[in-house]
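Undergrad: I have a structure here, written as structure tokens, and I will follow up with some questions on it.
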There are 2 protein chains.
Amino acid sequence: MNPAAFRWATALLSLAFSGAGEAAPEMLWRQLEPENTVFMELPQGRVVIELNPVFAPKTVARFQLLVQSRFYTGLGFYRVIDGFVAQGGDGSDLGELSESPLIDAEFEIDWSDALPFVAAQKPDLFAAETGFIDGFASARDQEEKKVWLTHCPGVVAMARNDDPNSSRTDFYIVIGQAPRYLDRNLNIFGRVVDGMEIVQQIARGPEENNGVFQDDISSTRIRSMKLLSEFPAEDQAGIFIMDTSSKAFARLLDERRKRKQKFFHQQPPKVLDVCQVPVATRYGQ
Amino acid sequence: MNPAAFRWATALLSLAFSGAGEAAPEMLWRQLEPENTVFMELPQGRVVIELNPVFAPKTVARFQLLVQSRFYTGLGFYRVIDGFVAQGGDGSDLGELSESPLIDAEFEIDWSDALPFVAAQKPDLFAAETGFIDGFASARDQEEKKVWLTHCPGVVAMARNDDPNSSRTDFYIVIGQAPRYLDRNLNIFGRVVDGMEIVQQIARGPEENNGVFQDDISSTRIRSMKLLSEFPAEDQAGIFIMDTSSKAFARLLDERRKRKQKFFHQQPPKVLDVCQVPVATRYGQ
């Protein structure tokens, strides 16, 4: 291990606080609700998804039903484009045409002062303002009085066709540079909180066919999907997410914005890409 | 295959032109120079890197030497953080302290009107202006008269410690959301033009250790690295990159900026993230 390289690692990525003398606020953590936590088992390992019923209540309710009915067991990621999305969950994959009803558009919600919004960037390239709400990257427009979740890596959303209200069972996970142009156009209903390195191992489809597999044997298949609330109480892991409304998180944002480390020969602009801020997950009691 | 999902695929990703009646300009392609093309063989497959001697002449010359001397054979990616970078190429990995000399900082170059810059976004969040030069995402500041390559997914750059002139042999590949705050602070000298899906399979290091493997057996190792020019002439594949200075590429940027497809219920802002524009690669004669 090259010590120089290690210093680079610590200089750039440390989440530790390095305030000048003042006591750093302690990070607070929020425990995931078991009914809004999905364990998706892939051949390579487990992916944990947090659902967001505040922004997409109907989509979350439907997804919970589909998970509980084991709809997704055995279905593949049939359209996977490196740097863009991994899309799966089509029932016709196993020869059954889904009878699952259509889901209404849930692209944005009305702004409310009760939402625990912490600002990241104003203005942002794609929105008047970005920030975090309950660990989710989001954007808001105070003139329009609207707020929505943004398409960052790890976001889970429902696919649809041209009709805004045409989502059914197919979902996608963003696996590359944030496709922010999709914001306010799709039902984002969750995000991967653990196992993105597993998601990155999902087999990519053929480029010449727009990432869509033409056979049924090459795609990565979902072994099972289960809500955490379906496990016996004693087996329910405690999963915690950084509390993005805490002072410590605001300070973390500020430190990423200012980049005072000696490493920086040229001071970066004091801006933040909301999709480039890690919100950590930990397991515990 | 769900036809709805397929329509979504084609609506969002088609690179085909859909001009209203007018003849679309044909895409032009630029052939890679064999001496600036690196084949990196990983256990999972081949990764093709294009070197950029215009922006990083000293770094490219050194990297070509290291590749030709087979320095990287057997070395691992010893620090891999999902969503950030895969870093490898430390000689001490195999018990040898590298004697390779330090490389000067090559963070930016002077602007020249001879550079084939095509604009993507002005202003950008992190720079006065972004665009493409010879297939590479770049940014420029016309007041400062400087231009530089930007940290997009697939970018290959030299690691260093706090000293700007301390790069040696360790390099990293960006594998997640563009860490644009690193722009103008590191020697970007290439980009992955094929095989990012292979790069995404590089084993991630332990999170609690900042992605750094503590043993030598868990990291993904480089089987070999070779310049395309080292292969016999008859074995040299023709690799072509979209000519980003062509009219067809400018039109592609414009179509991505305007997003006229019926799919968009809400018109996205007319902006482009330079790191979210695919520049295609093809093999041929």
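In the structure tokens, chains take letters A, B, ... by order of appearance, with residues numbered from 1 within each chain and ligands from 1 in the order shown.
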Quick one: everything within 7 Å of segment 32-46 of chain B, counting only C-alpha atoms, minus sequence neighbours fewer than 6 positions away in the same chain. Send it as a PyMOL selection string.
TA: chain B and resi 195+198+221-229+239-240
Undergrad: Give me, as a PyMOL selection string, the residues of segment 156-224 of chain A that a backbone DSSP run labels alpha helix (DSSP H).
TA: chain A and resi 196-199
Undergrad: So which residues touch segment 60-64 of chain A within 9 Å, counting only C-alpha atoms, skipping near sequence neighbours fewer than 3 positions away, as a ChimeraX atom specification?
TA: /A:35-36,38,51-53,56-57,67-69,100,103,168-169,189-190,226-227
Undergrad: Given the selection you just returned, output its residues as a file containing C-alpha atoms, formatted as a PDB file, in the first residue's frame.
TA:
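Generated output (result_28.pdb):
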```
ATOM      1  CA  GLU A  35     -42.413  -2.105   5.823  1.00  0.00           C
ATOM      2  CA  ASN A  36     -40.565   0.409   3.646  1.00  0.00           C
ATOM      3  CA  VAL A  38     -36.999  -4.219   0.559  1.00  0.00           C
ATOM      4  CA  LEU A  51     -39.232   2.939  -0.321  1.00  0.00           C
ATOM      5  CA  ASN A  52     -40.522   6.492  -0.158  1.00  0.00           C
ATOM      6  CA  PRO A  53     -44.258   6.689   0.530  1.00  0.00           C
ATOM      7  CA  ALA A  56     -44.948   8.149  -4.214  1.00  0.00           C
ATOM      8  CA  PRO A  57     -47.655   6.712  -1.936  1.00  0.00           C
ATOM      9  CA  VAL A  67     -43.263  -7.841  -3.401  1.00  0.00           C
ATOM     10  CA  GLN A  68     -45.516  -9.574  -0.868  1.00  0.00           C
ATOM     11  CA  SER A  69     -47.188 -11.629  -3.614  1.00  0.00           C
ATOM     12  CA  SER A 100     -51.592  -5.565 -12.332  1.00  0.00           C
ATOM     13  CA  ILE A 103     -50.345   3.323 -11.523  1.00  0.00           C
ATOM     14  CA  ARG A 168     -47.441  -1.112 -14.008  1.00  0.00           C
ATOM     15  CA  THR A 169     -44.765  -3.473 -12.625  1.00  0.00           C
ATOM     16  CA  PHE A 189     -40.370   5.541  -5.323  1.00  0.00           C
ATOM     17  CA  GLY A 190     -37.178   4.372  -3.646  1.00  0.00           C
ATOM     18  CA  LYS A 226     -39.124  -9.451   0.484  1.00  0.00           C
ATOM     19  CA  LEU A 227     -40.096  -6.602   2.773  1.00  0.00           C
TER      20      LEU A 227
END
```
Undergrad: What's the 9 Å shell around Val271 of chain B, counting only C-alpha atoms, without same-chain residues fewer than 5 positions away, as a ChimeraX atom specification?
TA: /A:125-126,181 /B:120-122,124,256-258
Undergrad: Hey, which of A:Gly74, A:Pro179, A:Gly135, A:Pro25 ends up closest to chain B? Count only C-alpha atoms.
TA: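 Result for the nearest residue to chain B: A:Pro179.
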Undergrad: Could you pull the residues within 10 Å of Pro206 of chain A, counting only C-alpha atoms, minus those fewer than 4 positions along the same chain, as a JSON list (two decimals) with all heavy atoms, in the first residue's frame?
TA:
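As a result, out.json now contains:
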```json
[["chain", "number", "residue", "atom", "x", "y", "z"],
["A", 79, "ARG", "N", -33.50, -5.18, -19.58],
["A", 79, "ARG", "CA", -32.97, -4.05, -20.36],
["A", 79, "ARG", "C", -31.95, -3.34, -19.48],
["A", 79, "ARG", "O", -32.32, -2.65, -18.53],
["A", 79, "ARG", "CB", -34.10, -3.11, -20.72],
["A", 79, "ARG", "CG", -33.60, -1.83, -21.39],
["A", 79, "ARG", "CD", -34.75, -0.87, -21.63],
["A", 79, "ARG", "NE", -34.25, 0.40, -22.07],
["A", 79, "ARG", "CZ", -34.42, 1.56, -21.43],
["A", 79, "ARG", "NH1", -35.10, 1.60, -20.30],
["A", 79, "ARG", "NH2", -33.92, 2.65, -21.92],
["A", 80, "VAL", "N", -30.69, -3.51, -19.79],
["A", 80, "VAL", "CA", -29.64, -2.98, -18.92],
["A", 80, "VAL", "C", -28.60, -2.27, -19.78],
["A", 80, "VAL", "O", -27.95, -2.87, -20.64],
["A", 80, "VAL", "CB", -28.97, -4.10, -18.10],
["A", 80, "VAL", "CG1", -28.01, -3.50, -17.09],
["A", 80, "VAL", "CG2", -30.02, -4.96, -17.40],
["A", 81, "ILE", "N", -28.47, -1.00, -19.55],
["A", 81, "ILE", "CA", -27.56, -0.15, -20.32],
["A", 81, "ILE", "C", -26.52, 0.41, -19.38],
["A", 81, "ILE", "O", -26.87, 1.18, -18.46],
["A", 81, "ILE", "CB", -28.35, 0.98, -21.02],
["A", 81, "ILE", "CG1", -29.35, 0.38, -22.00],
["A", 81, "ILE", "CG2", -27.40, 1.95, -21.73],
["A", 81, "ILE", "CD1", -30.38, 1.36, -22.50],
["A", 210, "ASN", "N", -30.16, -1.68, -27.88],
["A", 210, "ASN", "CA", -30.58, -0.71, -26.87],
["A", 210, "ASN", "C", -30.62, -1.32, -25.47],
["A", 210, "ASN", "O", -31.45, -0.92, -24.63],
["A", 210, "ASN", "CB", -31.95, -0.16, -27.25],
["A", 210, "ASN", "CG", -31.95, 1.35, -27.23],
["A", 210, "ASN", "OD1", -31.16, 1.96, -26.50],
["A", 210, "ASN", "ND2", -32.81, 1.95, -28.03],
["A", 211, "GLY", "N", -29.74, -2.28, -25.23],
["A", 211, "GLY", "CA", -29.64, -2.87, -23.90],
["A", 211, "GLY", "C", -30.66, -3.95, -23.59],
["A", 211, "GLY", "O", -30.66, -4.51, -22.50],
["A", 212, "VAL", "N", -31.53, -4.25, -24.58],
["A", 212, "VAL", "CA", -32.59, -5.24, -24.34],
["A", 212, "VAL", "C", -32.11, -6.63, -24.75],
["A", 212, "VAL", "O", -31.69, -6.83, -25.89],
["A", 212, "VAL", "CB", -33.87, -4.87, -25.13],
["A", 212, "VAL", "CG1", -34.96, -5.93, -24.92],
["A", 212, "VAL", "CG2", -34.37, -3.49, -24.72],
["A", 213, "PHE", "N", -32.18, -7.56, -23.81],
["A", 213, "PHE", "CA", -31.80, -8.95, -24.11],
["A", 213, "PHE", "C", -32.82, -9.56, -25.07],
["A", 213, "PHE", "O", -34.02, -9.35, -24.91],
["A", 213, "PHE", "CB", -31.76, -9.78, -22.82],
["A", 213, "PHE", "CG", -30.58, -9.47, -21.95],
["A", 213, "PHE", "CD1", -30.73, -8.66, -20.83],
["A", 213, "PHE", "CD2", -29.32, -9.96, -22.25],
["A", 213, "PHE", "CE1", -29.65, -8.37, -20.01],
["A", 213, "PHE", "CE2", -28.23, -9.67, -21.44],
["A", 213, "PHE", "CZ", -28.39, -8.86, -20.32],
["A", 214, "GLN", "N", -32.31, -10.32, -26.02],
["A", 214, "GLN", "CA", -33.24, -10.95, -26.96],
["A", 214, "GLN", "C", -33.59, -12.37, -26.54],
["A", 214, "GLN", "O", -34.50, -12.98, -27.07],
["A", 214, "GLN", "CB", -32.67, -10.91, -28.38],
["A", 214, "GLN", "CG", -32.97, -9.56, -29.02],
["A", 214, "GLN", "CD", -32.16, -9.32, -30.27],
["A", 214, "GLN", "OE1", -30.94, -9.45, -30.25],
["A", 214, "GLN", "NE2", -32.83, -8.95, -31.34]]
```
Undergrad: Taking only segment 92-259 of chain A into account, list the residues labelled strand (DSSP E or B) by DSSP (computed from the backbone), as a PyMOL selection string.
TA: chain A and resi 103+109-110+117-121+129-133+136-141+146-149+155-158+167+171-174+187-194+212+221+224-227+238-242
Undergrad: Which of these residues is nearest to chain A, using only C-alpha atoms: B:Met196, B:Met27, B:Ala137, B:Leu65?
TA: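 So, comparing all the options, the nearest one is B:Met196.
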Undergrad: Could you list, as number ranges by chain, every residue within 10 Å of Glu197 of chain A, counting only C-alpha atoms and ignoring same-chain residues fewer than 4 positions away?
TA: A: 44-47, 175, 201-202; B: 81-83, 200-204
Undergrad: Those selected residues, please, written with all heavy atoms and delivered as an mmCIF file, in the first residue's frame.
TA:
```
data_model
loop_
_atom_site.group_PDB
_atom_site.id
_atom_site.type_symbol
_atom_site.label_atom_id
_atom_site.label_comp_id
_atom_site.auth_asym_id
_atom_site.auth_seq_id
_atom_site.Cartn_x
_atom_site.Cartn_y
_atom_site.Cartn_z
ATOM 1 N N GLN A 44 -25.613 -12.351 -7.129
ATOM 2 C CA GLN A 44 -24.345 -11.833 -6.595
ATOM 3 C C GLN A 44 -24.446 -11.352 -5.159
ATOM 4 O O GLN A 44 -23.422 -11.056 -4.545
ATOM 5 C CB GLN A 44 -23.838 -10.674 -7.474
ATOM 6 C CG GLN A 44 -23.455 -11.056 -8.892
ATOM 7 C CD GLN A 44 -24.635 -11.070 -9.838
ATOM 8 O OE1 GLN A 44 -25.763 -10.777 -9.453
ATOM 9 N NE2 GLN A 44 -24.402 -11.438 -11.078
ATOM 10 N N GLY A 45 -25.662 -11.211 -4.637
ATOM 11 C CA GLY A 45 -25.781 -10.746 -3.260
ATOM 12 C C GLY A 45 -27.044 -9.931 -3.039
ATOM 13 O O GLY A 45 -27.923 -9.838 -3.906
ATOM 14 N N ARG A 46 -27.106 -9.319 -1.864
ATOM 15 C CA ARG A 46 -28.304 -8.619 -1.438
ATOM 16 C C ARG A 46 -28.258 -7.122 -1.756
ATOM 17 O O ARG A 46 -27.228 -6.470 -1.554
ATOM 18 C CB ARG A 46 -28.485 -8.794 0.065
ATOM 19 C CG ARG A 46 -29.654 -7.997 0.652
ATOM 20 C CD ARG A 46 -29.853 -8.276 2.115
ATOM 21 N NE ARG A 46 -30.308 -9.646 2.322
ATOM 22 C CZ ARG A 46 -30.387 -10.239 3.505
ATOM 23 N NH1 ARG A 46 -30.043 -9.589 4.600
ATOM 24 N NH2 ARG A 46 -30.817 -11.488 3.597
ATOM 25 N N VAL A 47 -29.391 -6.624 -2.203
ATOM 26 C CA VAL A 47 -29.566 -5.193 -2.443
ATOM 27 C C VAL A 47 -30.678 -4.716 -1.518
ATOM 28 O O VAL A 47 -31.741 -5.340 -1.449
ATOM 29 C CB VAL A 47 -29.949 -4.925 -3.916
ATOM 30 C CG1 VAL A 47 -30.194 -3.444 -4.170
ATOM 31 C CG2 VAL A 47 -28.878 -5.484 -4.856
ATOM 32 N N ILE A 175 -27.976 3.323 -12.787
ATOM 33 C CA ILE A 175 -26.645 2.747 -12.540
ATOM 34 C C ILE A 175 -25.516 3.603 -13.102
ATOM 35 O O ILE A 175 -24.356 3.174 -13.111
ATOM 36 C CB ILE A 175 -26.526 1.309 -13.108
ATOM 37 C CG1 ILE A 175 -26.806 1.288 -14.622
ATOM 38 C CG2 ILE A 175 -27.464 0.369 -12.379
ATOM 39 C CD1 ILE A 175 -26.497 -0.059 -15.276
ATOM 40 N N GLN A 201 -23.232 -5.287 -10.813
ATOM 41 C CA GLN A 201 -22.862 -6.560 -11.437
ATOM 42 C C GLN A 201 -23.984 -7.160 -12.270
ATOM 43 O O GLN A 201 -23.815 -8.222 -12.872
ATOM 44 C CB GLN A 201 -22.415 -7.547 -10.358
ATOM 45 C CG GLN A 201 -21.103 -7.125 -9.721
ATOM 46 C CD GLN A 201 -20.649 -8.101 -8.657
ATOM 47 O OE1 GLN A 201 -20.502 -9.283 -8.901
ATOM 48 N NE2 GLN A 201 -20.450 -7.601 -7.452
ATOM 49 N N ILE A 202 -25.131 -6.493 -12.328
ATOM 50 C CA ILE A 202 -26.224 -6.973 -13.188
ATOM 51 C C ILE A 202 -25.735 -6.992 -14.636
ATOM 52 O O ILE A 202 -25.107 -6.038 -15.097
ATOM 53 C CB ILE A 202 -27.467 -6.062 -13.029
ATOM 54 C CG1 ILE A 202 -28.047 -6.202 -11.613
ATOM 55 C CG2 ILE A 202 -28.522 -6.368 -14.084
ATOM 56 C CD1 ILE A 202 -29.176 -5.226 -11.295
ATOM 57 N N ILE B 81 -13.872 2.242 -4.561
ATOM 58 C CA ILE B 81 -15.032 2.759 -3.838
ATOM 59 C C ILE B 81 -16.197 2.853 -4.814
ATOM 60 O O ILE B 81 -16.130 3.616 -5.790
ATOM 61 C CB ILE B 81 -14.710 4.144 -3.241
ATOM 62 C CG1 ILE B 81 -13.559 4.011 -2.235
ATOM 63 C CG2 ILE B 81 -15.952 4.760 -2.592
ATOM 64 C CD1 ILE B 81 -12.948 5.337 -1.851
ATOM 65 N N ASP B 82 -17.235 2.071 -4.561
ATOM 66 C CA ASP B 82 -18.373 2.102 -5.464
ATOM 67 C C ASP B 82 -18.929 3.517 -5.575
ATOM 68 O O ASP B 82 -19.036 4.234 -4.585
ATOM 69 C CB ASP B 82 -19.488 1.161 -4.992
ATOM 70 C CG ASP B 82 -20.554 1.048 -6.044
ATOM 71 O OD1 ASP B 82 -20.304 0.375 -7.054
ATOM 72 O OD2 ASP B 82 -21.618 1.685 -5.891
ATOM 73 N N GLY B 83 -19.241 3.912 -6.791
ATOM 74 C CA GLY B 83 -19.777 5.253 -7.016
ATOM 75 C C GLY B 83 -18.714 6.324 -7.087
ATOM 76 O O GLY B 83 -19.033 7.502 -7.280
ATOM 77 N N GLN B 200 -16.881 -1.917 -14.215
ATOM 78 C CA GLN B 200 -17.854 -1.940 -13.118
ATOM 79 C C GLN B 200 -17.816 -3.249 -12.330
ATOM 80 O O GLN B 200 -18.366 -3.334 -11.238
ATOM 81 C CB GLN B 200 -19.272 -1.673 -13.630
ATOM 82 C CG GLN B 200 -19.518 -0.230 -14.053
ATOM 83 C CD GLN B 200 -19.454 0.754 -12.904
ATOM 84 O OE1 GLN B 200 -19.214 0.399 -11.755
ATOM 85 N NE2 GLN B 200 -19.657 2.034 -13.203
ATOM 86 N N GLN B 201 -17.151 -4.262 -12.888
ATOM 87 C CA GLN B 201 -17.060 -5.542 -12.167
ATOM 88 C C GLN B 201 -15.808 -5.638 -11.302
ATOM 89 O O GLN B 201 -15.592 -6.658 -10.643
ATOM 90 C CB GLN B 201 -17.112 -6.697 -13.164
ATOM 91 C CG GLN B 201 -18.482 -6.817 -13.819
ATOM 92 C CD GLN B 201 -18.543 -7.963 -14.805
ATOM 93 O OE1 GLN B 201 -18.265 -9.107 -14.478
ATOM 94 N NE2 GLN B 201 -18.893 -7.649 -16.035
ATOM 95 N N ILE B 202 -14.969 -4.613 -11.308
ATOM 96 C CA ILE B 202 -13.789 -4.609 -10.436
ATOM 97 C C ILE B 202 -14.267 -4.700 -8.981
ATOM 98 O O ILE B 202 -15.192 -3.988 -8.582
ATOM 99 C CB ILE B 202 -12.952 -3.332 -10.672
ATOM 100 C CG1 ILE B 202 -12.334 -3.364 -12.079
ATOM 101 C CG2 ILE B 202 -11.856 -3.174 -9.605
ATOM 102 C CD1 ILE B 202 -11.619 -2.076 -12.481
ATOM 103 N N ALA B 203 -13.626 -5.576 -8.200
ATOM 104 C CA ALA B 203 -14.049 -5.785 -6.808
ATOM 105 C C ALA B 203 -13.898 -4.503 -5.991
ATOM 106 O O ALA B 203 -12.860 -3.840 -6.047
ATOM 107 C CB ALA B 203 -13.218 -6.908 -6.178
ATOM 108 N N ARG B 204 -14.946 -4.166 -5.231
ATOM 109 C CA ARG B 204 -14.926 -3.003 -4.338
ATOM 110 C C ARG B 204 -14.183 -3.359 -3.053
ATOM 111 O O ARG B 204 -14.294 -4.488 -2.570
ATOM 112 C CB ARG B 204 -16.353 -2.587 -3.983
ATOM 113 C CG ARG B 204 -17.037 -1.644 -4.957
ATOM 114 C CD ARG B 204 -17.054 -2.075 -6.375
ATOM 115 N NE ARG B 204 -17.895 -1.230 -7.208
ATOM 116 C CZ ARG B 204 -17.888 -1.243 -8.535
ATOM 117 N NH1 ARG B 204 -17.091 -2.045 -9.204
ATOM 118 N NH2 ARG B 204 -18.695 -0.448 -9.221
#
```
Undergrad: Which residue gives the smallest distance to Cys152 of chain A among A:Ala105, A:Leu252, A:Cys275, A:Leu28, with only C-alpha atoms counted?
TA: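 Ranking A:Ala105, A:Leu252, A:Cys275, A:Leu28 by distance to Cys152 of chain A, first place goes to A:Cys275.
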Undergrad: Could you tell me which of B:Val85, B:Leu186, B:Leu272, B:Ala127 comes closest to Ser166 of chain B if we count only C-alpha atoms?
TA: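 When distances to Ser166 of chain B are compared using only C-alpha atoms, the smallest one comes from B:Leu186.
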Undergrad: In Å, rounded to a single decimal, give me how far atom CA of Ala157 of chain A is from atom CA of Val54 of chain A.
TA: 14.2 Å
